[in-house]
Amino acid sequence: MRSGRPAPLASLLNQAASFSLLASTGELIVLAVKRFMLGRPVNQSVDVIWANPLVNLFLFLAGALALWGLQRLTPWLTARFVAGLMLFVVLGAILLAAVPGSPGAVLLLAAGLATQGSRLFVSDAAGRRLRRSAAVLVAVIGVASGSTLYREARRMDAVTGTAPAGAPNVLLIILDTVRAASLGLYGAPLDNTPGLESLASRGVTFDVAIAPAPWTLPTHATMFTGLWPSEHGADWLAPLDGRATTLAEALGARGYRTGGFVANLTYGTREHGLSRGFQVYKDFDRSIPSLLRTSSIIEQMMTMTVLRRLTGYYDIAIRKRAPVVNKEFLAWQEHAGTRPWFAFLNYFDAHEPYRPTAPFAGRYSAGLPPRRHDMERFWHLQGGIIDWTALSAEDVAAERAAYEELIAELDHNLAGLFDELRRRGVLDRTLVIVTSDHGEQFGEHDWFTHGNSLYWRVLRVPLVISYPGHVSMGVRIQQPASLRDLAATVWEFVAPDEPSPFPGESLFGADRQPAWVPSEVTADPAMLRGDPNAMVDLASVSTASWHYIRAVTGAEELFPVVGGEAGDRSVAGDSAWRAALDSGRAALSAQRQRVRLPNVP
C-alpha cells in the first residue's frame with residue numbers, strides 16, 4: 001500500500017479495527033493508572049473493559065466506511081492521510097481519557113503527534129505488525145473482560161448468619177440534594193410532598209435534622225458507619241476505605257439480604273467505597289448512553305455545549321431517574337426470599353441540572369423567565385450553571401422553581417414505590433428512613449449549590465422514620481438530630497438486645513439529651529472561586545436555636561434559628577447571643593477533642 005494512493009476497503013477496515021484496539025488499550029491503561037496507582041475515581045462501570053473496545057470498534061469501522069466513500073471522490077484522501085487521521089483519533093481518545101478537561105489542547109497535541117507518526121503506518125510491513133499487535137490486544141482485553149465480569153458475578157457475597165424472628169426489613173432512602181426548606185412537609189408554601197407527608201403521618205418527622213457534611217460522599221459514609229467525616233476519611237479524592245464496619249456489612253452478617261440502588265454516579269458508585277457489604281449494588285446501568293460513554297470520544301461529545309444547543313437536550317445524558325431506581329429495587333425485592341432485607345436507594349433527580357418532566361415541569365414557574373441554557377456547562381456526569389452570580393434574581397427564582405418541581409416529581413415516584421410495597425404486603429414489616437445527604441443554596445448568604453459552605457440550607461435536611469407499631473405515628477420532634485446516628489438507630493430496631501457496633505446513639509434513645517450537632521467540610525481542591533471552603537476547612541455545630549460556624553482562619557459566624565430556619569446574616573449583640581457564642585465555641589472544642597476534626601481552631 002503506497003502512501004500516495006487511496007487505500008482499498010479491506011485495508012481500511014483492517015486499519016480501523018487495529019487502530020480501535022490501540023485506542024481502547026490506551027484508554028484502559030489510563031483508567032487503570034488513575035484508579036489503581038493514583039487512587040482516583042474514574043467514574044466508569046466495570047463494563048468499560050468490554051464496552052469500550054466494542055464502541056471504539058464501531059466508531060472506527062464507521063469512520064473507515066465513510067473515508068472509503070469519500071476517497072473515491074477526493075484524491076487527497078491518500079493512505080498516509082487516512083492513517084494519520086486514524087492515529088489522530090487514537091491519540092485523541094487516549095489523551096482525552098488522561099486529561100478530560102482540556103479538549104482543545106489535547107486535540108491540538110494529538111494532531112501534531114499524528115502528523116509526525118502517520119508515516120509509520122502506511123507500509124505493508126507496518127500493516128502486518130499492526131494487525132498482529134491488534135490480535136494480541138484482542139486476546140488480552142478478552143481475558144481481562146471475562147475475568148472482570150466473572151468476578152463481578154461472584155462478588156455477590158453469600159448471605160451468612162440467621163436473622164432473629166420478626167426482624168424488620170430496612171429501607172434507607174436518600175433524596176440526594178433535597179433541602180428541608182423547599183418541602184411542603186417542612187412549611188414551604190408548596191404542595192410538593194403529599195407522598196412524604198403520608199409517610200410522616202405513619203411515623204416520626206424530625207424538624208431539625210442536620211447532615212454531617214454539605215455534600216454526598218462524606219455524608220453517605222457517615223450514615224453507613226456512624227463515624228464523622230474526619231474519622232472515616234472519605235473526601236474529595238479519597239473513597240471510604242475498609243477500616244470501619246458498614247451498616248450493610250453488619251446486617252449481612254446477621255442474615256439480611258442487602259442491595260444498593262444508586263443514581264448518583266459522581267460520588268455514589270462502588271469505586272467510592274459505598275458498595276461494601278452490599279450483595280447487589282446497582283450504580284451504572286447498561287443503557288445505550290451508559291455503554292457509549294465508556295469511550296472517551298463519545299463522552300467528550302456528550303459534554304459539548306454546541307451539540308446540546310443543537311439538539312435542545314440539556315440533561316445529564318446518563319442520569320438515572322427515580323423510576324429506574326424503583327424498577328431496579330423492586331425487581332430485587334421481589335426475589336429477596338423469606339430473609340429480611342436491607343435496601344439503600346439514592347435518588348439523584350433533584351440534583352443540578354434541574355430538569356423536571358411533564359406534568360411537573362412548569363408547576364411553580366408561572367411568570368418567571370425562561371431557563372438560561374446559555375449559562376449552562378456540561379462535564380462527565382453533571383452539569384449546571386457556569387456562574388450563578390451572573391443570573392438575575394428572576395433567573396435564580398426560575399432555577400429554584402425547577403428544583404422544587406423536581407422534588408414534587410420525586411415525591412410522586414416515592415408514593416408509587418410505597419404503594420407497591422404495600423401491595424406486596426411488606427411495607428408494614430419495614431423500617432423506612434427517608435432523608436437527604438445535603439441541601440442546596442439559592443443565594444442564601446450569597447452562595448449557591450452545595451459542598452462549598454456549612455450554611456444552614458446545605459445542612460438542614462428532611463428526616464422521616466416510619467415503622468408501624470414500633471414508632472409513634474404523626475409525631476414531630478424539635479430536638480436536633482444528626483444523620484450520624486442513623487446506623488445506631490437501625491441497629492436498635494434490628495438487634496435491640498445487643499450492643500451496637502456503631503458509634504452514636506439511637507434517635508429514639510430514652511436518655512437522649514439536647515446537644516450541639518456537628519458538621520464539617522474540608523477545603524475543596526477544585527474550589528477556586530472564593531467559596532467559603534475554597535482554601536480552608538470549616539466546622540460547625542447546631543442546635544434548634546443557634547447555628548455556629550468556624551473556619552481554620554479563626555473567622556466565626558453565629559446565626560439564630562427560628563422556626564427551623566437560620567437567618568441569612570450573622571448576628572451579634574445581646575447576652576443571649578454572647579451565651580450562645582460561648583456555648584458554640586465550647587461545643588466545637590469538645591468535638592475536636594473527641595475526633596480529629598479538620599484543622600479548625
# chains A, B, ... in the order shown; residues from 1 in each chain; ligands from 1

call {"tool": "residues_around", "arguments": {"residues": "range 543-550 of chain A", "least_positions_apart": "3", "cutoff": "8 Å", "atoms": "only C-alpha atoms", "output": "PyMOL selection string"}}
result
chain A and resi 208+454-456+478-480+514-517+538-540+554-562+564+566+580-581+584-585+600-601

call {"tool": "select_by_dssp", "arguments": {"residues": "range 279-352 of chain A", "states": "helix (DSSP H, G or I)", "output": "compact mmCIF listing (two decimals) with all heavy atoms, in the first residue's frame"}}
result
# COMPACT_ATOMS: atom_id res chain seq x y z
N ILE A 288 -27.90 2.23 26.60
CA ILE A 288 -27.05 2.59 25.46
C ILE A 288 -26.18 3.82 25.77
O ILE A 288 -24.97 3.81 25.50
CB ILE A 288 -27.91 2.80 24.20
CG1 ILE A 288 -28.47 1.45 23.73
CG2 ILE A 288 -27.08 3.45 23.08
CD1 ILE A 288 -29.38 1.54 22.53
N PRO A 289 -26.74 4.91 26.34
CA PRO A 289 -25.87 6.05 26.67
C PRO A 289 -24.75 5.68 27.64
O PRO A 289 -23.62 6.15 27.49
CB PRO A 289 -26.83 7.06 27.29
CG PRO A 289 -28.16 6.72 26.72
CD PRO A 289 -28.17 5.24 26.60
N SER A 290 -25.04 4.84 28.64
CA SER A 290 -24.00 4.45 29.60
C SER A 290 -22.88 3.67 28.93
O SER A 290 -21.70 3.87 29.23
CB SER A 290 -24.62 3.62 30.73
OG SER A 290 -25.45 4.41 31.54
N LEU A 291 -23.24 2.76 28.04
CA LEU A 291 -22.23 1.97 27.35
C LEU A 291 -21.44 2.82 26.35
O LEU A 291 -20.22 2.68 26.22
CB LEU A 291 -22.87 0.78 26.65
CG LEU A 291 -23.54 -0.25 27.58
CD1 LEU A 291 -24.20 -1.35 26.76
CD2 LEU A 291 -22.53 -0.84 28.55
N LEU A 292 -22.13 3.73 25.67
CA LEU A 292 -21.44 4.58 24.70
C LEU A 292 -20.40 5.48 25.37
O LEU A 292 -19.31 5.69 24.82
CB LEU A 292 -22.45 5.43 23.93
CG LEU A 292 -23.32 4.72 22.90
CD1 LEU A 292 -24.33 5.68 22.31
CD2 LEU A 292 -22.46 4.11 21.79
N SER A 296 -13.98 7.55 25.53
CA SER A 296 -13.71 8.96 25.86
C SER A 296 -14.14 9.88 24.73
O SER A 296 -14.46 11.05 24.96
CB SER A 296 -12.22 9.15 26.17
OG SER A 296 -11.42 8.84 25.04
N ILE A 297 -14.14 9.37 23.50
CA ILE A 297 -14.57 10.20 22.36
C ILE A 297 -16.05 10.53 22.50
O ILE A 297 -16.46 11.69 22.38
CB ILE A 297 -14.31 9.47 21.03
CG1 ILE A 297 -12.82 9.15 20.88
CG2 ILE A 297 -14.79 10.29 19.85
CD1 ILE A 297 -12.50 8.23 19.72
N ILE A 298 -16.86 9.50 22.75
CA ILE A 298 -18.29 9.73 22.91
C ILE A 298 -18.57 10.57 24.14
O ILE A 298 -19.41 11.48 24.12
CB ILE A 298 -19.04 8.38 23.01
CG1 ILE A 298 -18.85 7.57 21.72
CG2 ILE A 298 -20.51 8.61 23.30
CD1 ILE A 298 -19.50 8.18 20.51
N GLU A 299 -17.87 10.29 25.23
CA GLU A 299 -18.09 11.05 26.45
C GLU A 299 -17.81 12.53 26.23
O GLU A 299 -18.55 13.40 26.71
CB GLU A 299 -17.20 10.52 27.58
CG GLU A 299 -17.47 11.20 28.90
CD GLU A 299 -16.64 10.62 30.02
OE1 GLU A 299 -15.56 10.10 29.76
OE2 GLU A 299 -17.10 10.70 31.18
N GLN A 300 -16.75 12.84 25.48
CA GLN A 300 -16.45 14.23 25.21
C GLN A 300 -17.55 14.87 24.37
O GLN A 300 -17.93 16.03 24.59
CB GLN A 300 -15.10 14.34 24.49
CG GLN A 300 -14.57 15.76 24.39
CD GLN A 300 -14.31 16.38 25.76
OE1 GLN A 300 -13.70 15.75 26.61
NE2 GLN A 300 -14.75 17.60 25.96
N MET A 301 -18.08 14.11 23.41
CA MET A 301 -19.16 14.64 22.59
C MET A 301 -20.40 14.92 23.43
O MET A 301 -21.12 15.89 23.19
CB MET A 301 -19.49 13.64 21.47
CG MET A 301 -18.41 13.49 20.42
SD MET A 301 -18.79 12.19 19.21
CE MET A 301 -20.28 12.88 18.48
N MET A 302 -20.65 14.07 24.45
CA MET A 302 -21.82 14.27 25.30
C MET A 302 -21.75 15.57 26.10
O MET A 302 -22.77 16.06 26.57
CB MET A 302 -21.96 13.09 26.28
CG MET A 302 -22.45 11.81 25.66
SD MET A 302 -22.59 10.49 26.92
CE MET A 302 -23.41 9.21 25.97
N THR A 305 -21.30 21.74 24.49
CA THR A 305 -22.39 22.71 24.61
C THR A 305 -23.06 22.94 23.26
O THR A 305 -24.29 23.07 23.17
CB THR A 305 -21.85 24.03 25.17
OG1 THR A 305 -21.25 23.80 26.44
CG2 THR A 305 -22.98 25.05 25.32
N VAL A 306 -22.25 22.97 22.20
CA VAL A 306 -22.81 23.19 20.86
C VAL A 306 -23.80 22.09 20.51
O VAL A 306 -24.90 22.36 20.00
CB VAL A 306 -21.68 23.25 19.82
CG1 VAL A 306 -22.26 23.27 18.41
CG2 VAL A 306 -20.80 24.47 20.04
N LEU A 307 -23.43 20.85 20.80
CA LEU A 307 -24.32 19.73 20.49
C LEU A 307 -25.59 19.82 21.33
O LEU A 307 -26.69 19.54 20.82
CB LEU A 307 -23.59 18.42 20.76
CG LEU A 307 -24.35 17.15 20.37
CD1 LEU A 307 -24.62 17.14 18.87
CD2 LEU A 307 -23.55 15.91 20.77
N ARG A 308 -25.47 20.21 22.58
CA ARG A 308 -26.66 20.34 23.42
C ARG A 308 -27.61 21.41 22.85
O ARG A 308 -28.82 21.23 22.85
CB ARG A 308 -26.26 20.71 24.86
CG ARG A 308 -25.40 19.67 25.55
CD ARG A 308 -26.10 18.32 25.63
NE ARG A 308 -25.31 17.34 26.31
CZ ARG A 308 -25.53 16.94 27.56
NH1 ARG A 308 -26.51 17.46 28.25
NH2 ARG A 308 -24.78 16.01 28.11
N ARG A 309 -27.04 22.49 22.42
CA ARG A 309 -27.89 23.56 21.89
C ARG A 309 -28.55 23.15 20.58
O ARG A 309 -29.70 23.53 20.31
CB ARG A 309 -27.06 24.83 21.70
CG ARG A 309 -26.65 25.46 23.03
CD ARG A 309 -25.71 26.62 22.85
NE ARG A 309 -25.34 27.19 24.15
CZ ARG A 309 -24.37 28.07 24.33
NH1 ARG A 309 -23.65 28.51 23.29
NH2 ARG A 309 -24.11 28.54 25.54
N LEU A 310 -27.84 22.39 19.77
CA LEU A 310 -28.42 21.93 18.51
C LEU A 310 -29.55 20.95 18.74
O LEU A 310 -30.56 20.97 18.02
CB LEU A 310 -27.34 21.29 17.64
CG LEU A 310 -26.32 22.23 17.00
CD1 LEU A 310 -25.23 21.44 16.29
CD2 LEU A 310 -27.00 23.18 16.02
N THR A 311 -29.40 20.08 19.73
CA THR A 311 -30.41 19.06 19.99
C THR A 311 -31.49 19.52 20.95
O THR A 311 -32.56 18.91 21.02
CB THR A 311 -29.75 17.79 20.57
OG1 THR A 311 -29.10 18.12 21.82
CG2 THR A 311 -28.70 17.24 19.60
N ALA A 322 -35.78 8.46 39.07
CA ALA A 322 -36.41 7.67 40.12
C ALA A 322 -37.11 6.41 39.60
O ALA A 322 -37.01 5.36 40.23
CB ALA A 322 -37.40 8.55 40.89
N PRO A 323 -37.83 6.46 38.47
CA PRO A 323 -38.47 5.22 38.01
C PRO A 323 -37.49 4.09 37.74
O PRO A 323 -37.82 2.92 37.97
CB PRO A 323 -39.18 5.66 36.72
CG PRO A 323 -39.45 7.12 36.92
CD PRO A 323 -38.25 7.63 37.66
N VAL A 324 -36.28 4.42 37.30
CA VAL A 324 -35.28 3.38 37.06
C VAL A 324 -34.79 2.80 38.38
O VAL A 324 -34.65 1.58 38.53
CB VAL A 324 -34.10 3.95 36.24
CG1 VAL A 324 -32.99 2.90 36.08
CG2 VAL A 324 -34.58 4.43 34.88
N VAL A 325 -34.52 3.67 39.36
CA VAL A 325 -34.10 3.20 40.68
C VAL A 325 -35.19 2.32 41.28
O VAL A 325 -34.91 1.24 41.83
CB VAL A 325 -33.77 4.38 41.60
CG1 VAL A 325 -33.45 3.90 43.01
CG2 VAL A 325 -32.60 5.19 41.04
N ASN A 326 -36.44 2.76 41.19
CA ASN A 326 -37.55 1.97 41.72
C ASN A 326 -37.63 0.60 41.04
O ASN A 326 -37.84 -0.43 41.70
CB ASN A 326 -38.88 2.71 41.53
CG ASN A 326 -39.04 3.88 42.47
OD1 ASN A 326 -38.22 4.09 43.37
ND2 ASN A 326 -40.08 4.66 42.27
N LYS A 327 -37.49 0.59 39.73
CA LYS A 327 -37.58 -0.67 38.99
C LYS A 327 -36.48 -1.63 39.40
O LYS A 327 -36.73 -2.84 39.61
CB LYS A 327 -37.50 -0.38 37.48
CG LYS A 327 -37.61 -1.61 36.61
CD LYS A 327 -37.55 -1.25 35.14
CE LYS A 327 -37.62 -2.48 34.25
NZ LYS A 327 -37.53 -2.12 32.81
N GLU A 328 -35.25 -1.13 39.55
CA GLU A 328 -34.14 -1.98 39.97
C GLU A 328 -34.40 -2.56 41.36
O GLU A 328 -34.21 -3.76 41.60
CB GLU A 328 -32.84 -1.19 39.96
CG GLU A 328 -32.34 -0.81 38.58
CD GLU A 328 -31.08 0.03 38.63
OE1 GLU A 328 -30.80 0.63 39.69
OE2 GLU A 328 -30.38 0.11 37.60
N PHE A 329 -34.82 -1.69 42.28
CA PHE A 329 -35.05 -2.15 43.65
C PHE A 329 -36.20 -3.15 43.72
O PHE A 329 -36.09 -4.21 44.35
CB PHE A 329 -35.33 -0.96 44.55
CG PHE A 329 -36.03 -1.33 45.83
CD1 PHE A 329 -35.42 -2.15 46.77
CD2 PHE A 329 -37.33 -0.87 46.09
CE1 PHE A 329 -36.07 -2.51 47.94
CE2 PHE A 329 -37.98 -1.23 47.25
CZ PHE A 329 -37.35 -2.05 48.19
N LEU A 330 -37.33 -2.85 43.07
CA LEU A 330 -38.49 -3.71 43.16
C LEU A 330 -38.24 -5.08 42.53
O LEU A 330 -38.73 -6.11 43.02
CB LEU A 330 -39.70 -3.03 42.52
CG LEU A 330 -40.26 -1.83 43.28
CD1 LEU A 330 -41.31 -1.10 42.46
CD2 LEU A 330 -40.83 -2.26 44.63
N ALA A 331 -37.45 -5.11 41.45
CA ALA A 331 -37.10 -6.40 40.85
C ALA A 331 -36.26 -7.23 41.81
O ALA A 331 -36.44 -8.45 41.93
CB ALA A 331 -36.35 -6.18 39.54
N TRP A 332 -35.35 -6.57 42.52
CA TRP A 332 -34.52 -7.27 43.50
C TRP A 332 -35.36 -7.72 44.70
O TRP A 332 -35.25 -8.86 45.15
CB TRP A 332 -33.39 -6.35 43.95
CG TRP A 332 -32.58 -6.86 45.10
CD1 TRP A 332 -31.54 -7.75 45.05
CD2 TRP A 332 -32.72 -6.49 46.49
NE1 TRP A 332 -31.02 -7.96 46.30
CE2 TRP A 332 -31.72 -7.20 47.21
CE3 TRP A 332 -33.57 -5.63 47.18
CZ2 TRP A 332 -31.57 -7.07 48.59
CZ3 TRP A 332 -33.42 -5.51 48.55
CH2 TRP A 332 -32.44 -6.22 49.24
N GLN A 333 -36.20 -6.84 45.20
CA GLN A 333 -37.00 -7.16 46.38
C GLN A 333 -37.96 -8.32 46.11
O GLN A 333 -38.20 -9.16 46.99
CB GLN A 333 -37.79 -5.92 46.83
CG GLN A 333 -38.50 -6.07 48.17
CD GLN A 333 -39.83 -6.80 48.07
OE1 GLN A 333 -40.55 -6.66 47.07
NE2 GLN A 333 -40.16 -7.58 49.09
N GLU A 334 -38.47 -8.39 44.90
CA GLU A 334 -39.42 -9.44 44.56
C GLU A 334 -38.81 -10.83 44.71
O GLU A 334 -39.51 -11.80 44.99
CB GLU A 334 -39.91 -9.23 43.13
CG GLU A 334 -41.03 -10.16 42.72
CD GLU A 334 -41.55 -9.85 41.33
OE1 GLU A 334 -40.85 -9.15 40.56
OE2 GLU A 334 -42.67 -10.28 41.01

call {"tool": "closest_atom_pairs", "arguments": {"of": "range 426-486 of chain A", "to": "range 166-174 of chain A", "cutoff": "9 Å", "atoms": "only C-alpha atoms", "output": "tab-separated table"}}
result
residue	atom	partner	partner_atom	distance
A:Val426	CA	A:Asn169	CA	8.1
A:Leu427	CA	A:Asn169	CA	8.6
A:Arg429	CA	A:Pro168	CA	5.5
A:Thr430	CA	A:Asn169	CA	4.4
A:Leu431	CA	A:Val170	CA	4.8
A:Val432	CA	A:Leu171	CA	4.8
A:Ile433	CA	A:Leu172	CA	4.9
A:Val434	CA	A:Ile173	CA	4.7
A:Thr435	CA	A:Ile174	CA	5.2
A:Ser436	CA	A:Ile174	CA	4.8
A:Asp437	CA	A:Ile174	CA	6.5
A:Tyr467	CA	A:Pro168	CA	8.7

call {"tool": "write_last_selection", "arguments": {"atoms": "N, CA, C and O atoms", "output": "tab-separated table (two decimals), in the first residue's frame"}}
result
chain	number	residue	atom	x	y	z
A	426	VAL	N	-45.32	-5.90	52.36
A	426	VAL	CA	-44.06	-5.82	53.10
A	426	VAL	C	-43.87	-4.47	53.79
A	426	VAL	O	-42.99	-4.34	54.66
A	427	LEU	N	-44.64	-3.45	53.45
A	427	LEU	CA	-44.38	-2.12	53.98
A	427	LEU	C	-44.55	-2.08	55.50
A	427	LEU	O	-43.76	-1.43	56.21
A	429	ARG	N	-43.91	-4.28	57.55
A	429	ARG	CA	-42.81	-5.02	58.21
A	429	ARG	C	-41.46	-4.37	57.92
A	429	ARG	O	-40.42	-5.01	58.06
A	430	THR	N	-41.50	-3.11	57.48
A	430	THR	CA	-40.28	-2.45	57.03
A	430	THR	C	-40.04	-1.16	57.79
A	430	THR	O	-40.93	-0.31	57.91
A	431	LEU	N	-38.82	-1.03	58.32
A	431	LEU	CA	-38.35	0.23	58.90
A	431	LEU	C	-37.95	1.13	57.74
A	431	LEU	O	-36.98	0.84	57.02
A	432	VAL	N	-38.69	2.20	57.53
A	432	VAL	CA	-38.44	3.11	56.41
A	432	VAL	C	-37.81	4.39	56.94
A	432	VAL	O	-38.35	5.04	57.84
A	433	ILE	N	-36.67	4.77	56.36
A	433	ILE	CA	-36.00	6.02	56.71
A	433	ILE	C	-35.84	6.83	55.43
A	433	ILE	O	-35.23	6.36	54.46
A	434	VAL	N	-36.40	8.02	55.41
A	434	VAL	CA	-36.26	8.92	54.25
A	434	VAL	C	-35.54	10.17	54.72
A	434	VAL	O	-35.99	10.86	55.65
A	435	THR	N	-34.43	10.48	54.06
A	435	THR	CA	-33.67	11.68	54.41
A	435	THR	C	-32.93	12.16	53.17
A	435	THR	O	-33.22	11.72	52.05
A	436	SER	N	-32.00	13.07	53.36
A	436	SER	CA	-31.17	13.57	52.27
A	436	SER	C	-29.73	13.63	52.74
A	436	SER	O	-29.46	13.66	53.94
A	437	ASP	N	-28.80	13.64	51.79
A	437	ASP	CA	-27.39	13.73	52.17
A	437	ASP	C	-26.94	15.16	52.40
A	437	ASP	O	-25.98	15.41	53.13
A	467	TYR	N	-42.17	2.97	61.07
A	467	TYR	CA	-42.16	1.52	61.31
A	467	TYR	C	-43.42	1.22	62.12
A	467	TYR	O	-43.43	1.32	63.34

call {"tool": "residues_around", "arguments": {"residues": "range 58-74 of chain A", "least_positions_apart": "5", "cutoff": "10 Å", "atoms": "only C-alpha atoms", "output": "PDB file with C-alpha atoms, in the first residue's frame"}}
result
ATOM      1  CA  ARG A   5      -2.627   6.270  -3.252  1.00  0.00           C
ATOM      2  CA  PRO A   6      -6.109   5.667  -1.856  1.00  0.00           C
ATOM      3  CA  ALA A   7      -6.413   2.602   0.352  1.00  0.00           C
ATOM      4  CA  PRO A   8      -8.721  -0.292  -0.630  1.00  0.00           C
ATOM      5  CA  LEU A   9     -11.744  -1.014   1.556  1.00  0.00           C
ATOM      6  CA  ALA A  10     -10.326  -4.212   3.078  1.00  0.00           C
ATOM      7  CA  SER A  11      -7.160  -2.374   4.077  1.00  0.00           C
ATOM      8  CA  LEU A  12      -9.172   0.471   5.594  1.00  0.00           C
ATOM      9  CA  LEU A  13     -11.302  -1.896   7.654  1.00  0.00           C
ATOM     10  CA  ASN A  14      -8.204  -3.748   8.854  1.00  0.00           C
ATOM     11  CA  GLN A  15      -6.601  -0.482   9.828  1.00  0.00           C
ATOM     12  CA  ALA A  16      -9.756   0.702  11.579  1.00  0.00           C
ATOM     13  CA  ALA A  17     -10.053  -2.487  13.628  1.00  0.00           C
ATOM     14  CA  SER A  18      -6.397  -2.380  14.608  1.00  0.00           C
ATOM     15  CA  PHE A  19      -6.389   1.300  15.479  1.00  0.00           C
ATOM     16  CA  SER A  20      -9.577   0.933  17.521  1.00  0.00           C
ATOM     17  CA  LEU A  21      -7.850  -1.709  19.661  1.00  0.00           C
ATOM     18  CA  ALA A  23      -7.199   3.369  21.279  1.00  0.00           C
ATOM     19  CA  ASN A  52     -15.032   0.498  25.373  1.00  0.00           C
ATOM     20  CA  PRO A  53     -13.411  -1.794  22.752  1.00  0.00           C
ATOM     21  CA  ALA A  79      -3.360   6.184   2.559  1.00  0.00           C
ATOM     22  CA  VAL A  82      -6.106   8.172   6.362  1.00  0.00           C
ATOM     23  CA  LEU A  85      -6.412  10.650  10.709  1.00  0.00           C
ATOM     24  CA  MET A  86      -6.936   7.327  12.477  1.00  0.00           C
ATOM     25  CA  VAL A  89      -8.338   9.711  16.775  1.00  0.00           C
ATOM     26  CA  VAL A  90      -6.340   7.086  18.700  1.00  0.00           C
ATOM     27  CA  SER A 295     -15.413   5.674  25.047  1.00  0.00           C
ATOM     28  CA  ILE A 297     -14.567  10.198  22.356  1.00  0.00           C
ATOM     29  CA  ILE A 298     -18.293   9.727  22.909  1.00  0.00           C
TER      30      ILE A 298
END

call {"tool": "closest_residue", "arguments": {"among": "A:Leu95, A:Leu227, A:Ile210, A:Val204", "to": "Val475 in chain A", "atoms": "only C-alpha atoms"}}
result
A:Val204

call {"tool": "closest_atom_pairs", "arguments": {"of": "range 235-302 of chain A", "to": "range 491-503 of chain A", "cutoff": "10 Å", "atoms": "only C-alpha atoms", "output": "tab-separated table"}}
result
residue	atom	partner	partner_atom	distance
A:Ala244	CA	A:Phe502	CA	9.1
A:Thr245	CA	A:Pro501	CA	7.8
A:Thr246	CA	A:Phe502	CA	8.5
A:Leu247	CA	A:Phe502	CA	8.3
A:Ala250	CA	A:Pro501	CA	7.9
A:Leu251	CA	A:Val494	CA	8.4
A:Arg254	CA	A:Val494	CA	9.3

call {"tool": "select_by_dssp", "arguments": {"residues": "range 284-501 of chain A", "states": "strand (DSSP E or B)", "output": "PyMOL selection string"}}
result
chain A and resi 341-347+376-378+383-385+430-435+441-442+448-449+460-461+463-466+475-477+481-482

call {"tool": "residues_around", "arguments": {"residues": "range 266-281 of chain A", "least_positions_apart": "5", "cutoff": "7 Å", "atoms": "only C-alpha atoms", "output": "list of chain:residue names"}}
result
A:Pro41, A:Asn43, A:Met156, A:Asp157, A:Thr216, A:Leu217, A:Ala221, A:Pro239, A:Leu240, A:Asp241, A:Thr246, A:Ala248, A:Glu249, A:Gly252, A:Thr258, A:Gly259, A:Gly260, A:Phe261, A:Leu381

call {"tool": "write_last_selection", "arguments": {"atoms": "C-alpha atoms", "output": "compact mmCIF listing (two decimals), in the first residue's frame"}}
result
# COMPACT_ATOMS: atom_id res chain seq x y z
CA PRO A 41 -12.11 7.64 40.80
CA ASN A 43 -16.49 7.22 37.16
CA MET A 156 -22.45 -11.11 45.45
CA ASP A 157 -21.47 -12.38 48.88
CA THR A 216 -22.60 13.43 49.07
CA LEU A 217 -19.68 11.13 49.81
CA ALA A 221 -20.08 7.29 54.56
CA PRO A 239 -13.10 6.82 48.88
CA LEU A 240 -14.49 5.19 52.00
CA ASP A 241 -11.81 2.68 52.98
CA THR A 246 -20.64 -0.53 57.40
CA ALA A 248 -24.62 -3.30 55.06
CA GLU A 249 -21.79 -5.49 56.36
CA GLY A 252 -25.42 -9.00 56.01
CA THR A 258 -28.51 -6.37 51.10
CA GLY A 259 -28.99 -4.29 47.96
CA GLY A 260 -27.91 -0.79 46.93
CA PHE A 261 -29.57 1.11 44.07
CA LEU A 381 -21.55 13.20 34.86

call {"tool": "closest_atom_pairs", "arguments": {"of": "range 263-352 of chain A", "to": "range 442-451 of chain A", "cutoff": "12 Å", "atoms": "only C-alpha atoms", "output": "JSON lines"}}
result
{"residue": "A:Ala350", "atom": "CA", "partner": "A:Thr449", "partner_atom": "CA", "distance": 11.5}
{"residue": "A:His351", "atom": "CA", "partner": "A:Thr449", "partner_atom": "CA", "distance": 9.1}
{"residue": "A:Glu352", "atom": "CA", "partner": "A:Thr449", "partner_atom": "CA", "distance": 8.0}

call {"tool": "atom_distance", "arguments": {"atom1": "CA of Gly567 in chain A", "atom2": "CA of Ala481 in chain A"}}
result
19.5 Å

call {"tool": "atom_distance", "arguments": {"atom1": "CA of Asn192 in chain A", "atom2": "CA of Leu368 in chain A"}}
result
18.5 Å

call {"tool": "residues_around", "arguments": {"residues": "Pro359 in chain A", "least_positions_apart": "5", "cutoff": "12 Å", "atoms": "only C-alpha atoms", "output": "list of chain:residue names"}}
result
A:Tyr364, A:Glu405, A:Leu406, A:Ala408, A:Glu409, A:His412

call {"tool": "atom_distance", "arguments": {"atom1": "CA of Pro518 in chain A", "atom2": "CA of Leu588 in chain A"}}
result
7.4 Å
